[in-house]
Every structure is written in C-alpha cells, then in structure tokens.
file protein_37.txt (compact mmCIF, C-alpha atoms and all ligand atoms)
# COMPACT_ATOMS: atom_id res chain seq x y z
CA MET A 277 21.64 -5.31 -12.62
CA SER A 278 21.26 -1.67 -11.57
CA ASP A 279 17.59 -1.15 -12.37
CA TRP A 280 16.34 -4.64 -11.60
CA TRP A 281 13.01 -3.18 -10.43
CA ASN A 282 12.12 -2.19 -14.00
CA THR A 283 13.66 -5.12 -15.81
CA LYS A 284 12.82 -8.19 -13.75
CA THR A 285 9.31 -9.61 -13.66
CA LEU A 286 7.68 -10.10 -10.27
CA ALA A 287 8.29 -13.82 -10.63
CA GLN A 288 12.02 -13.23 -11.04
CA LEU A 289 12.47 -11.20 -7.85
CA SER A 290 14.39 -12.62 -4.91
CA PRO A 291 12.67 -12.40 -1.49
CA GLN A 292 14.84 -9.38 -0.65
CA GLU A 293 13.97 -7.65 -3.92
CA TRP A 294 10.28 -8.41 -3.36
CA GLU A 295 10.37 -6.64 0.00
CA ALA A 296 12.40 -3.73 -1.38
CA LEU A 297 9.85 -3.16 -4.15
CA CYS A 298 7.33 -1.81 -1.64
CA ASP A 299 7.45 2.00 -1.79
CA GLY A 300 6.33 2.41 1.83
CA CYS A 301 3.27 4.51 0.99
CA ALA A 302 1.03 2.56 3.43
CA LYS A 303 -2.05 3.23 1.32
CA CYS A 304 -2.85 -0.47 1.51
CA CYS A 305 -3.28 -0.07 5.29
CA LEU A 306 -6.23 2.30 4.82
CA HIS A 307 -9.76 1.00 5.16
CA LYS A 308 -11.68 0.67 1.94
CA LEU A 309 -15.40 0.54 1.17
CA GLU A 310 -16.90 -1.37 -1.72
CA ASP A 311 -20.09 -0.41 -3.50
CA GLU A 312 -22.20 -3.58 -3.32
CA ASP A 313 -23.85 -2.94 -6.68
CA SER A 314 -20.99 -1.68 -8.83
CA GLY A 315 -18.08 -3.29 -7.01
CA GLU A 316 -16.29 0.07 -7.06
CA VAL A 317 -13.76 0.48 -4.26
CA PHE A 318 -13.43 3.73 -2.31
CA TYR A 319 -10.47 4.49 -0.10
CA THR A 320 -10.95 6.22 3.24
CA LYS A 321 -8.36 8.05 5.29
CA VAL A 322 -9.03 5.67 8.20
CA ARG A 323 -5.90 3.63 8.83
CA CYS A 324 -5.32 0.35 10.59
CA ARG A 325 -4.50 0.94 14.26
CA TYR A 326 -1.29 -1.08 13.94
CA LEU A 327 0.23 1.36 11.48
CA ASP A 328 2.84 3.86 12.63
CA GLU A 329 1.65 6.81 10.53
CA GLU A 330 4.89 8.80 10.74
CA ALA A 331 7.03 5.86 9.65
CA CYS A 332 4.29 4.37 7.41
CA ARG A 333 5.26 1.00 8.83
CA CYS A 334 3.32 -1.81 10.47
CA THR A 335 4.13 -1.94 14.18
CA ASP A 336 3.71 -5.73 14.33
CA TYR A 337 4.45 -7.02 10.84
CA ALA A 338 5.20 -10.56 12.05
CA HIS A 339 1.75 -11.00 13.59
CA ARG A 340 -0.29 -8.83 11.24
CA SER A 341 -2.46 -11.60 9.83
CA VAL A 342 -3.41 -12.73 13.34
CA LEU A 343 -4.05 -9.21 14.61
CA VAL A 344 -5.98 -8.17 11.50
CA PRO A 345 -7.51 -11.20 9.76
CA ASN A 346 -8.25 -9.30 6.55
CA CYS A 347 -4.69 -7.97 6.30
CA ILE A 348 -3.53 -9.53 3.04
CA ALA A 349 0.12 -10.44 2.55
CA LEU A 350 1.03 -9.73 -1.05
CA ASP A 351 2.75 -12.52 -2.91
CA ARG A 352 3.36 -13.59 -6.48
CA ASP A 353 0.22 -15.70 -6.54
CA ASN A 354 -2.29 -13.09 -5.42
CA VAL A 355 -0.92 -9.71 -6.51
CA GLU A 356 -2.39 -9.72 -10.00
CA GLY A 357 -5.91 -10.28 -8.62
CA LEU A 358 -5.71 -7.45 -6.13
CA ASP A 359 -7.14 -4.67 -8.22
CA TRP A 360 -8.09 -2.72 -5.09
CA LEU A 361 -4.43 -1.83 -4.63
CA PRO A 362 -3.76 1.84 -5.40
CA SER A 363 -2.70 2.59 -8.96
CA SER A 364 0.63 3.88 -7.62
CA CYS A 365 1.46 0.57 -5.87
CA ALA A 366 4.79 -0.74 -7.09
CA TYR A 367 3.52 -4.32 -7.22
CA ARG A 368 0.56 -3.31 -9.32
CA LEU A 369 2.76 -1.25 -11.64
CA ARG A 370 5.23 -4.06 -12.16
CA ALA A 371 2.47 -6.65 -12.56
CA ASN A 372 1.36 -4.50 -15.50
CA ASN A 373 4.94 -4.16 -16.75
CA GLN A 374 5.00 -0.42 -16.01
CA PRO A 375 8.15 1.33 -14.71
CA LEU A 376 8.46 2.65 -11.18
CA PRO A 377 7.94 6.41 -10.84
CA GLN A 378 10.70 8.90 -10.02
CA TRP A 379 9.52 9.28 -6.42
CA HIS A 380 9.93 5.57 -5.66
CA PRO A 381 12.77 5.17 -3.12
CA LEU A 382 14.49 2.58 -5.32
CA VAL A 383 14.62 5.07 -8.20
CA SER A 384 15.39 8.20 -6.18
CA GLY A 385 17.82 6.50 -3.82
CA ASN A 386 16.07 8.40 -1.03
CA LYS A 387 13.67 6.70 1.41
CA SER A 388 11.87 10.00 2.05
CA SER A 389 10.97 10.66 -1.57
CA VAL A 390 7.64 8.81 -1.28
CA HIS A 391 6.70 11.19 1.53
CA ASP A 392 8.20 14.31 -0.06
CA ALA A 393 6.12 13.68 -3.18
CA CYS A 394 2.95 13.41 -1.05
CA ILE A 395 2.33 9.85 -2.19
CA SER A 396 2.33 8.26 1.26
CA ILE A 397 -0.42 8.64 3.84
CA ARG A 398 1.87 10.41 6.34
CA GLY A 399 0.09 13.26 8.06
CA ARG A 400 -3.32 12.73 6.51
CA SER A 401 -4.92 9.67 8.05
CA ILE A 402 -6.81 8.83 11.24
CA SER A 403 -6.55 5.64 13.28
CA ASP A 404 -9.49 3.24 13.26
CA GLU A 405 -9.36 3.39 17.05
CA TYR A 406 -11.20 6.71 16.75
CA VAL A 407 -13.76 5.98 14.04
CA HIS A 408 -16.78 3.68 14.26
CA PRO A 409 -16.95 1.39 11.21
CA ASP A 410 -20.42 2.76 10.40
CA GLY A 411 -18.79 6.16 9.94
CA TYR A 412 -16.01 5.19 7.55
CA ASP A 413 -18.00 6.60 4.64
CA GLU A 414 -17.56 10.09 6.10
CA HIS A 415 -13.82 9.73 5.54
CA ILE A 416 -13.71 8.72 1.88
CA VAL A 417 -10.78 10.43 0.13
CA THR A 418 -9.93 11.12 -3.48
CA TRP A 419 -6.14 11.22 -3.06
CA VAL A 420 -5.94 7.45 -3.37
CA GLU A 421 -6.91 6.05 -6.77
S1 LIG A 501 0.30 0.13 -1.63
FE1 LIG A 501 1.86 -1.24 -2.48
S2 LIG A 501 3.73 -0.04 -2.53
FE2 LIG A 501 2.32 1.03 -1.11
S3 LIG A 501 2.80 0.21 0.93
FE3 LIG A 501 1.16 -1.07 0.06
S4 LIG A 501 2.21 -2.80 -0.92
FE4 LIG A 501 3.75 -1.17 -0.59
S1 LIG A 502 -1.76 -5.16 10.36
FE1 LIG A 502 0.00 -3.95 9.69
S2 LIG A 502 0.26 -4.42 7.49
FE2 LIG A 502 -1.81 -5.11 8.12
S3 LIG A 502 -3.17 -3.39 7.61
FE3 LIG A 502 -2.53 -3.15 9.76
S4 LIG A 502 -0.72 -1.82 9.70
FE4 LIG A 502 -1.06 -2.59 7.62
call {"tool": "encode", "arguments": {"input": "protein_37.txt", "output": "structure tokens"}}
result
Amino acid sequence: MSDWWNTKTLAQLSPQEWEALCDGCAKCCLHKLEDEDSGEVFYTKVRCRYLDEEACRCTDYAHRSVLVPNCIALDRDNVEGLDWLPSSCAYRLRANNQPLPQWHPLVSGNKSSVHDACISIRGRSISDEYVHPDGYDEHIVTWVE
C-alpha cells in the first residue's frame, strides 16, 4: 500500500510503520508550561539536553525514560490522550483521521522537508543546560501550537 500513512489506522501500523510515522520535528522534546487554572499548555523553545538540535534526534533514545523520567514514549494506548502534542504531530493527526501534510518526509520522500518547511525546531531552540527552570516562562514561543 503506497500511502499506508493516510489509509491505515494507528492500530493497524506495524512497529516499523509506527516509527516511520514520526516526522522528526522534535517539538515534543521542548519543555512545556501548563497554566494551573486553565490547563492551557504553552510551549517554550527550551529543549531537552539530550536532543541533538541539528539532527532533531534523541542522543540516547534507548535510555531516554531513565535519563528523563517525564519523557513519554508514544504508543497506541496513550497517544489519543496526549493533547499537549503539537497540532502538526503525525500521531495526533492520524489519531484524528487527518492526512499527513505535504512537508512530512513520508509524503515528500525527502527527510529534510520537515526542516525546509520550518516545522522542526532546528536552529531555534536552547538547551535546558543553559536555562534555570524558573526562567522557562521567558522562552515561551508561539511557533508551536
Ligand atoms: S511531535 Fe510527533 S511527529 Fe514531531 S517528533 Fe514528536 S512524536 Fe514525532
Ligand atoms: S530524552 Fe530524548 S526523546 Fe526524551 S525529551 Fe529528551 S531528547 Fe526527547
């Protein structure tokens, strides 16, 4: 099936297809702040220190949940409840039965298209090694929805 990403449900994906569905934007590796009263989530440009910003890849994927206890591994059972994921996230789109956008590497056939379309965080984040958690609110961004 040539466009399996738009025709299969998340539950029908093989493990390899599940991994391939990720667009590599790395927005989910940014720190987020939640308004205690409204529950609204705000993204900051502060990234997890284990992210390679240029590659938009985790530098220790195998041990990520040990290194960062609140690093959540997406799976079929939890993805639909994760409404803090960015609206562009492929898992969120497919959970809502929406098609992948043209810039998604699976659609474009080009791994760089997520960066070329300025969807990824490449070149516009700062490592949490350099920001005190009390100062995250100074780095809230509007380019993640
Ligand atoms: S936000 Fe979604 S599509 Fe983007 S890197 Fe994270 S899991 Fe992958
Ligand atoms: S541990 Fe890896 S996957 Fe988890 S938030 Fe950090 S960079 Fe992202």
call {"tool": "residues_near_ligand", "arguments": {"input": "protein_37.txt", "ligand": "ligand LIG 502 (chain A)", "cutoff": "12 Å", "atoms": "all atoms listed in the file", "output": "PyMOL selection string"}}
result
chain A and resi 298+300-308+322-329+331-350+397+403-405
call {"tool": "write_last_selection", "arguments": {"input": "protein_37.txt", "atoms": "C-alpha atoms", "output": "compact mmCIF listing (two decimals), keeping the file's coordinate frame"}}
result
# COMPACT_ATOMS: atom_id res chain seq x y z
CA CYS A 298 7.33 -1.81 -1.64
CA GLY A 300 6.33 2.41 1.83
CA CYS A 301 3.27 4.51 0.99
CA ALA A 302 1.03 2.56 3.43
CA LYS A 303 -2.05 3.23 1.32
CA CYS A 304 -2.85 -0.47 1.51
CA CYS A 305 -3.28 -0.07 5.29
CA LEU A 306 -6.23 2.30 4.82
CA HIS A 307 -9.76 1.00 5.16
CA LYS A 308 -11.68 0.67 1.94
CA VAL A 322 -9.03 5.67 8.20
CA ARG A 323 -5.90 3.63 8.83
CA CYS A 324 -5.32 0.35 10.59
CA ARG A 325 -4.50 0.94 14.26
CA TYR A 326 -1.29 -1.08 13.94
CA LEU A 327 0.23 1.36 11.48
CA ASP A 328 2.84 3.86 12.63
CA GLU A 329 1.65 6.81 10.53
CA ALA A 331 7.03 5.86 9.65
CA CYS A 332 4.29 4.37 7.41
CA ARG A 333 5.26 1.00 8.83
CA CYS A 334 3.32 -1.81 10.47
CA THR A 335 4.13 -1.94 14.18
CA ASP A 336 3.71 -5.73 14.33
CA TYR A 337 4.45 -7.02 10.84
CA ALA A 338 5.20 -10.56 12.05
CA HIS A 339 1.75 -11.00 13.59
CA ARG A 340 -0.29 -8.83 11.24
CA SER A 341 -2.46 -11.60 9.83
CA VAL A 342 -3.41 -12.73 13.34
CA LEU A 343 -4.05 -9.21 14.61
CA VAL A 344 -5.98 -8.17 11.50
CA PRO A 345 -7.51 -11.20 9.76
CA ASN A 346 -8.25 -9.30 6.55
CA CYS A 347 -4.69 -7.97 6.30
CA ILE A 348 -3.53 -9.53 3.04
CA ALA A 349 0.12 -10.44 2.55
CA LEU A 350 1.03 -9.73 -1.05
CA ILE A 397 -0.42 8.64 3.84
CA SER A 403 -6.55 5.64 13.28
CA ASP A 404 -9.49 3.24 13.26
CA GLU A 405 -9.36 3.39 17.05
call {"tool": "closest_residue", "arguments": {"input": "protein_37.txt", "among": "A:Pro375, A:Gly385, A:Pro409, A:Pro362", "to": "ligand LIG 501 (chain A)", "atoms": "only C-alpha atoms and all ligand atoms"}}
result
A:Pro362
call {"tool": "closest_residue", "arguments": {"input": "protein_37.txt", "among": "A:Tyr412, A:Ser314, A:Asp299, A:Leu369", "to": "Val390 (chain A)", "atoms": "all atoms listed in the file"}}
result
A:Asp299
call {"tool": "axis_aligned_box", "arguments": {"input": "protein_37.txt", "around": "region 364-369 of chain A", "padding_each_side": "3 Å", "output": "JSON"}}
result
{"center_x": 2.7, "center_y": -0.2, "center_z": -8.8, "size_x": 10.2, "size_y": 14.2, "size_z": 11.8}
call {"tool": "closest_residue", "arguments": {"input": "protein_37.txt", "among": "A:Ala287, A:Val317, A:Leu297, A:Val417", "to": "Leu382 (chain A)", "atoms": "only C-alpha atoms"}}
result
A:Leu297
call {"tool": "closest_residue", "arguments": {"input": "protein_37.txt", "among": "A:Val407, A:Leu376, A:Ile416, A:Leu289", "to": "ligand LIG 501 (chain A)", "atoms": "all atoms listed in the file"}}
result
A:Leu376
call {"tool": "closest_residue", "arguments": {"input": "protein_37.txt", "among": "A:Ser384, A:Glu316, A:Glu293, A:Ile395", "to": "ligand LIG 501 (chain A)", "atoms": "only C-alpha atoms and all ligand atoms"}}
result
A:Ile395
call {"tool": "atom_distance", "arguments": {"input": "protein_37.txt", "atom1": "CA of Glu356 (chain A)", "atom2": "CA of Cys394 (chain A)"}}
result
25.4 Å
call {"tool": "closest_residue", "arguments": {"input": "protein_37.txt", "among": "A:Val383, A:Ala393, A:Leu286, A:Val420", "to": "ligand LIG 501 (chain A)", "atoms": "only C-alpha atoms and all ligand atoms"}}
result
A:Val420
call {"tool": "atom_distance", "arguments": {"input": "protein_37.txt", "atom1": "CA of Asp359 (chain A)", "atom2": "CA of Trp419 (chain A)"}}
result
16.7 Å
call {"tool": "atom_distance", "arguments": {"input": "protein_37.txt", "atom1": "CA of Thr418 (chain A)", "atom2": "CA of Asp353 (chain A)"}}
result
28.8 Å
call {"tool": "decode", "arguments": {"input": "protein_37.txt", "residues": "region 283-312 of chain A", "atoms": "C-alpha atoms", "output": "compact mmCIF listing (two decimals), in the first residue's frame"}}
result
# COMPACT_ATOMS: atom_id res chain seq x y z
CA THR A 283 -5.05 4.84 4.99
CA LYS A 284 -4.11 2.67 7.96
CA THR A 285 -5.30 3.48 11.45
CA LEU A 286 -2.70 3.81 14.20
CA ALA A 287 -3.78 0.43 15.50
CA GLN A 288 -3.02 -1.17 12.13
CA LEU A 289 0.56 0.07 11.88
CA SER A 290 3.47 -2.34 12.17
CA PRO A 291 6.25 -1.37 14.62
CA GLN A 292 8.36 -0.15 11.68
CA GLU A 293 5.49 1.94 10.30
CA TRP A 294 4.85 3.37 13.77
CA GLU A 295 8.44 4.59 13.99
CA ALA A 296 8.40 5.92 10.42
CA LEU A 297 5.28 7.97 11.14
CA CYS A 298 7.28 10.38 13.31
CA ASP A 299 8.10 13.45 11.20
CA GLY A 300 11.28 14.23 13.17
CA CYS A 301 10.19 17.73 14.17
CA ALA A 302 11.38 17.26 17.80
CA LYS A 303 8.77 19.66 19.11
CA CYS A 304 7.82 17.06 21.70
CA CYS A 305 11.33 17.43 23.18
CA LEU A 306 10.68 21.07 24.10
CA HIS A 307 9.74 21.98 27.65
CA LYS A 308 6.15 22.97 28.17
CA LEU A 309 4.40 25.00 30.85
CA GLU A 310 0.84 24.43 31.97
CA ASP A 311 -1.44 27.12 33.34
CA GLU A 312 -2.60 25.70 36.67
